[in-house]
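J.: Starting off with a structure, shown below.
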Amino acid sequence: MQIDSVVGTPNGEVNLSNDLSNEEIARYSRHLIMPEVALDGQKKLKSAKVLTIGAGGLGAPLAMYLAAAGVGTIGIVDFDVVDESNLQRQIIHGTKDVGRKKMESARDTIKDINPNVEVIEFEEALSSENALDIFKDFDIIVDGTDNFPTRYLVNDACVLLGKPNVYGSIFRFEGQASVFWAEHGPCYRCLYPEPPPPGLVPSCAEGGVLGILPGAIGVVQATETVKLILGAGDSLVGRLMLYDALGMSFREMKLRKDPDCPVCGENPTVTELIDYEEFCGIPQAAAAEKENGVPEITVSELKSKMENGSNTYVLDVREPHEYEVANIGVPLIPLGELPDRMSELNQNDEIAVHCKTGGRSAKAVKLLQDAGFANVYNVKGGITAWSEEIDARVPKY
Amino acid sequence: MSGKSVKVLLFGAAADLAGEREIEVNVGDDSSLDELWEAAIREYPRLSPMHGTLAFGINGEYAERNAKVSPGDEVAFLPPVSGG
């Protein structure tokens with residue numbers, strides 16, 4: 001869909017006070033010689049204000065390319081700290097930045113790429129209380145978040161303010177991208193009216209992600225952002241792009257605007273921001289987990305049991321490829337195989353089950369209890385807690 | 001596979017649950033997406049909890065659950081993805 005530039009006056013003129021310096025003209029030379037960008041387009045880029053939600057996998061390449069392209073103002077919302085496990089894909093941060101605030105590290109990289117860019121920092125969690133206020137001064141919002149509540153929040157805030165939401169998301173070897181803009185097409189809720197129940201769709205932290213993947217998708221988001229600023233080409237409005245890195249294929253699905261959409265439909269029922277954690281069932285799931293909780297043992301309790309010669313049988317229910325990365329020398333039965341391999345365990349033993357952080361082992365404890373094992377415990381925090389609190393020689397992954 | 005089969009492309013968590021990225025599902029001539037879904041989960045029961053969560057596409061276009069599918073169509077099961 002062709003859409004006019006999001007910046008400039010209604011008749012398409014760009015504020016002439018935004019003249020380019022000689023340094024900028026030299027810097028943007030490869031843009032200026034293309035008629036699709038040229039001086040007018042470069043001035044539009046300089047006038048544009050783009051907000052990226054998150055300086056993580058998607059936000060990193062996005063912010064770097066937008067800075068290099070000459071987008072004048074880049075806002076970033078992020079309150080996280082750079083962790084070693086980020087470096088495999090979040091290329092805006094380097095090894096020296098581990099432990100620093102992502103905001104500071106991202107700002108330094110952007111300024112290094114292009115000192116002409118103004119960086120506006122929002123070092124806070126995006127919430128229903130602050131979202132409209134943060135979004136209102138920006139032309140385009142780019143969604144690079146890593147969780148469903150924030151994705152619905154970004155969508156609804158964009159619909160309420162009439163702003164385009166340049167969407168991207170990633171999982172293992174696959175990515176999706178689109179431009180949700182209710183004034184011209186569908187919004188995220190037209191595609192996914194209901195969030196998935198917590199735990200059904202794994203996050204990158206749970207399911208993993210190819211480090212290069214957010215590069216591919218973040219760059220698609222950056223491209224769509226620049227096209228919206230220039231008013232050039234066919235935008236992804238009304239289309240969902242699907243990328244499969246393993247098959248190396250791009251597909252697309254035509255979307256349709258849902259006339260009954262609760263936020264952008266004909267008779268909207270969501271007319272202000274709501275509680276998105278509640279909407280996504282997060283507090284409900286936590287309460288249910290507490291209610292149906294399985295008996296737990298901490299890593300330090302487990303360690304003293306093992307040292308005191310207790311006969312506690314410790315079982316690892318992760319996958320073999322994880323066991324290869326880190327293990328504490330106990331038997332392995334992957335969760336998926338447990339129902340068929342229970343005969344390998346003794347019903348009368350005291351059994352402590354661990355996984356990476358405690359989720360899968362809780363399911364294993366439940367399975368064993370249901371099968372008649374009476375004395376089974378979930379190791380709280382899993383091998384990650386063991387590595388952090390008991391034995392740092394066990395690598396944390 | 002018989003000539004009455006529909007190719008179904010699985011994405012993300014749906015592909016992981018089924019253990020396949022592409023499956024063939026047999027349907028009658030005048031079936032709906034919902035009927036195709038029922039046939040698919042008979043073969044791949046682990047997909048079952050995904051039902052309320054998926055978006056469906058037919059031949060590259062978003063489709064409602066009551067939409068008709070015919071042999072030869074290409075259907076997509078698209079779970080939402082949150083990672084960033």
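Following the order of the structure tokens, first chain is A, next is B, and so on, with residues numbered from 1 inside each chain and ligands from 1 in the order they appear.
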Could you list, with a cut-off of 10 Å and counting only C-alpha atoms, the residues of chain B near chain A, each shown with its nearest atom pair and the distance in Å rounded to one decimal, rows sorted by chain and ascending number, as CSV?

T.:
```
residue,atom,partner,partner_atom,distance
B:Phe11,CA,A:Glu174,CA,7.9
B:Gly12,CA,A:Phe171,CA,6.6
B:Ala13,CA,A:Val201,CA,6.0
B:Ala14,CA,A:Val201,CA,8.8
B:Asp16,CA,A:Gly207,CA,10.0
B:Pro49,CA,A:Leu200,CA,7.9
B:Met50,CA,A:Leu200,CA,7.6
B:His51,CA,A:Pro196,CA,9.7
B:Gly52,CA,A:Pro196,CA,7.7
B:Thr53,CA,A:Pro196,CA,5.2
B:Leu54,CA,A:Tyr192,CA,7.7
B:Ala55,CA,A:Leu191,CA,6.6
B:Phe56,CA,A:Leu191,CA,9.3
B:Gly57,CA,A:Met253,CA,7.0
B:Ile58,CA,A:Met253,CA,8.7
B:Asn59,CA,A:Met253,CA,8.3
B:Gly60,CA,A:Met253,CA,4.6
B:Glu61,CA,A:Lys254,CA,4.5
B:Tyr62,CA,A:Leu255,CA,5.2
B:Ala63,CA,A:Leu255,CA,8.6
B:Ala76,CA,A:Met253,CA,9.1
B:Leu78,CA,A:Leu242,CA,9.7
B:Pro79,CA,A:Val201,CA,7.8
B:Pro80,CA,A:Tyr192,CA,7.2
B:Val81,CA,A:Ser169,CA,5.9
B:Ser82,CA,A:Asn147,CA,5.1
B:Gly83,CA,A:Asp146,CA,4.4
B:Gly84,CA,A:Asp146,CA,4.4
```

J.: Considering only C-alpha atoms, return as a ChimeraX atom specification whatever protein or nucleic-acid residues lie within 7 Å of segment 108-110 of chain A, sequence-local ones (same chain, fewer than 4 positions apart) excluded.

T.: /A:64,67,92,104,114

J.: Using only C-alpha atoms, what does the table of segment 212-274 of chain A residues within 10 Å of segment 24-39 of chain A look like, with each row giving the shortest atom pair and its distance in Å to one decimal, sorted by chain and ascending number, as a Markdown table?

T.:
```
| residue | atom | partner | partner_atom | distance |
| --- | --- | --- | --- | --- |
| A:Val226 | CA | A:Val37 | CA | 9.9 |
| A:Lys227 | CA | A:Val37 | CA | 9.6 |
| A:Leu230 | CA | A:Val37 | CA | 6.9 |
| A:Gly231 | CA | A:Glu36 | CA | 9.4 |
| A:Ala232 | CA | A:Glu36 | CA | 7.1 |
| A:Gly233 | CA | A:Glu36 | CA | 9.1 |
```

J.: Quick one: residues within 10 Å of Gly19 of chain B, only C-alpha atoms, excluding same-chain residues fewer than 4 positions away - as a PyMOL selection string?

T.: chain B and resi 10+13-15+23+44+46-47

J.: Can you check which residues of segment 1-81 of chain B DSSP gives as strand (DSSP E) on the backbone and send them as a list in words?

T.: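 Reading the DSSP output for segment 1-81 of chain B, strand (DSSP E) covers Ser5, Val6, Lys7, Val8, Leu9, Leu10, Glu22, Ile23, Glu24, Val25, Asn26, Ser31, Ser32, Ala55, Phe56, Gly57, Ile58, Glu61, Tyr62, Ala63, Lys68, Val69, Glu74, Val75, Ala76, Phe77 and Leu78 of chain B.
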
J.: I need the chosen residues saved as a compact mmCIF listing (two decimals), in the first residue's frame, with N, CA, C and O atoms.

T.:
```txt
# COMPACT_ATOMS: atom_id res chain seq x y z
N SER B 5 -5.94 -34.02 -0.61
CA SER B 5 -5.23 -33.49 0.55
C SER B 5 -4.94 -32.00 0.38
O SER B 5 -4.84 -31.46 -0.72
N VAL B 6 -4.82 -31.36 1.54
CA VAL B 6 -4.49 -29.94 1.63
C VAL B 6 -3.13 -29.83 2.27
O VAL B 6 -2.86 -30.49 3.27
N LYS B 7 -2.26 -29.01 1.68
CA LYS B 7 -0.94 -28.80 2.28
C LYS B 7 -1.08 -27.76 3.39
O LYS B 7 -1.67 -26.70 3.17
N VAL B 8 -0.55 -28.09 4.58
CA VAL B 8 -0.61 -27.15 5.70
C VAL B 8 0.82 -26.79 6.09
O VAL B 8 1.63 -27.67 6.39
N LEU B 9 1.13 -25.49 6.08
CA LEU B 9 2.44 -25.02 6.52
C LEU B 9 2.35 -24.65 7.99
O LEU B 9 1.43 -23.93 8.40
N LEU B 10 3.30 -25.14 8.77
CA LEU B 10 3.29 -24.86 10.20
C LEU B 10 4.42 -23.91 10.54
O LEU B 10 5.54 -24.06 10.05
N GLU B 22 5.63 -28.99 7.57
CA GLU B 22 4.65 -29.08 6.50
C GLU B 22 3.93 -30.41 6.63
O GLU B 22 4.59 -31.44 6.76
N ILE B 23 2.60 -30.40 6.63
CA ILE B 23 1.86 -31.65 6.72
C ILE B 23 0.78 -31.68 5.63
O ILE B 23 0.44 -30.64 5.06
N GLU B 24 0.30 -32.88 5.35
CA GLU B 24 -0.81 -33.01 4.40
C GLU B 24 -2.02 -33.48 5.19
O GLU B 24 -1.92 -34.40 6.01
N VAL B 25 -3.14 -32.84 4.98
CA VAL B 25 -4.36 -33.22 5.69
C VAL B 25 -5.45 -33.51 4.66
O VAL B 25 -5.65 -32.73 3.73
N ASN B 26 -6.12 -34.65 4.83
CA ASN B 26 -7.20 -34.99 3.90
C ASN B 26 -8.50 -34.35 4.32
O ASN B 26 -8.89 -34.44 5.49
N SER B 31 -15.21 -28.59 2.90
CA SER B 31 -14.86 -28.52 4.31
C SER B 31 -14.56 -27.09 4.73
O SER B 31 -14.21 -26.25 3.91
N SER B 32 -14.65 -26.84 6.04
CA SER B 32 -14.25 -25.54 6.58
C SER B 32 -12.87 -25.69 7.21
O SER B 32 -12.39 -26.80 7.45
N ALA B 55 -3.47 -17.92 14.12
CA ALA B 55 -4.10 -17.26 12.98
C ALA B 55 -4.00 -18.24 11.81
O ALA B 55 -3.03 -19.00 11.73
N PHE B 56 -5.00 -18.24 10.93
CA PHE B 56 -5.01 -19.16 9.81
C PHE B 56 -4.93 -18.38 8.49
O PHE B 56 -5.49 -17.29 8.38
N GLY B 57 -4.24 -18.97 7.54
CA GLY B 57 -4.20 -18.39 6.20
C GLY B 57 -4.55 -19.44 5.17
O GLY B 57 -4.28 -20.63 5.38
N ILE B 58 -5.20 -19.02 4.10
CA ILE B 58 -5.45 -19.92 2.97
C ILE B 58 -4.90 -19.25 1.72
O ILE B 58 -5.27 -18.10 1.40
N GLU B 61 -3.66 -15.71 2.19
CA GLU B 61 -4.53 -14.67 2.74
C GLU B 61 -5.09 -15.10 4.08
O GLU B 61 -5.47 -16.26 4.26
N TYR B 62 -5.16 -14.14 5.01
CA TYR B 62 -5.77 -14.41 6.31
C TYR B 62 -7.17 -14.98 6.10
O TYR B 62 -7.90 -14.53 5.22
N ALA B 63 -7.53 -15.98 6.91
CA ALA B 63 -8.84 -16.60 6.72
C ALA B 63 -9.55 -16.81 8.05
O ALA B 63 -8.92 -17.12 9.06
N LYS B 68 -13.94 -21.78 3.73
CA LYS B 68 -13.92 -23.08 3.04
C LYS B 68 -12.51 -23.40 2.55
O LYS B 68 -11.80 -22.51 2.08
N VAL B 69 -12.12 -24.66 2.72
CA VAL B 69 -10.86 -25.10 2.12
C VAL B 69 -11.16 -26.22 1.14
O VAL B 69 -12.05 -27.05 1.38
N GLU B 74 -3.37 -24.26 -0.09
CA GLU B 74 -2.26 -24.24 0.86
C GLU B 74 -2.69 -23.43 2.08
O GLU B 74 -3.01 -22.25 1.98
N VAL B 75 -2.70 -24.13 3.22
CA VAL B 75 -3.17 -23.51 4.47
C VAL B 75 -1.97 -23.22 5.35
O VAL B 75 -0.98 -23.95 5.31
N ALA B 76 -2.03 -22.14 6.14
CA ALA B 76 -0.96 -21.83 7.09
C ALA B 76 -1.52 -21.78 8.51
O ALA B 76 -2.60 -21.21 8.72
N PHE B 77 -0.80 -22.41 9.46
CA PHE B 77 -1.12 -22.29 10.89
C PHE B 77 -0.06 -21.36 11.48
O PHE B 77 1.12 -21.72 11.55
N LEU B 78 -0.49 -20.20 11.91
CA LEU B 78 0.47 -19.17 12.36
C LEU B 78 0.29 -18.81 13.83
O LEU B 78 -0.59 -18.01 14.16
```

J.: Go ahead and compute the interatomic distance for atom CA of Asn86 of chain A and atom CA of Val154 of chain A, in Å to one decimal.

T.: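 Separating atom CA of Asn86 of chain A from atom CA of Val154 of chain A is a distance of 22.9 Å.
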
J.: Once DSSP has gone over the backbone, tell me which residues of segment 7-127 of chain A are in helix (DSSP H, G or I), as JSON, numbers by chain.

T.: {"A": [22, 23, 24, 25, 26, 27, 29, 30, 31, 32, 38, 39, 40, 41, 42, 43, 44, 45, 46, 47, 59, 60, 61, 62, 63, 64, 65, 66, 67, 68, 69, 84, 85, 86, 95, 96, 97, 102, 103, 104, 105, 106, 107, 108, 109, 110, 111, 112, 113]}

J.: To one decimal in Å, tell me the separation between atom CA of Glu224 of chain A and atom CA of Asp133 of chain A.

T.: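 It comes out at 24.0 Å.
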
J.: Using only C-alpha atoms, which residues sit within 8 Å of Ser178 of chain A once same-chain residues fewer than 4 positions away are excluded, as a list of chain:residue names?

T.: A:Val166, A:Tyr167, A:Gly168, A:Gln221, A:Leu236, A:Val237, A:Gly238, A:Arg239, A:Leu240, A:Met241

J.: What is the atom CA of Gln90 of chain A-atom CA of Ile212 of chain A distance in Å, reported with one decimal?

T.: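 Value for the atom CA of Gln90 of chain A-atom CA of Ile212 of chain A distance: 9.3 Å.
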
J.: Which neighbours of Asp30 of chain B fall inside 12 Å, counting only C-alpha atoms, when residues of the same chain fewer than 6 positions from it are skipped, and could you give them as a list in words?

T.: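 These residues fall inside the cut-off: Lys4, Leu36, Asn66, Ala67, Lys68, Val69, Ser70 and Pro71 of chain B.
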
J.: Neighbours of Arg89 of chain A within 6 Å (only C-alpha atoms; same-chain residues fewer than 2 positions away dropped), as a ChimeraX atom specification?

T.: /A:57,87,91,211
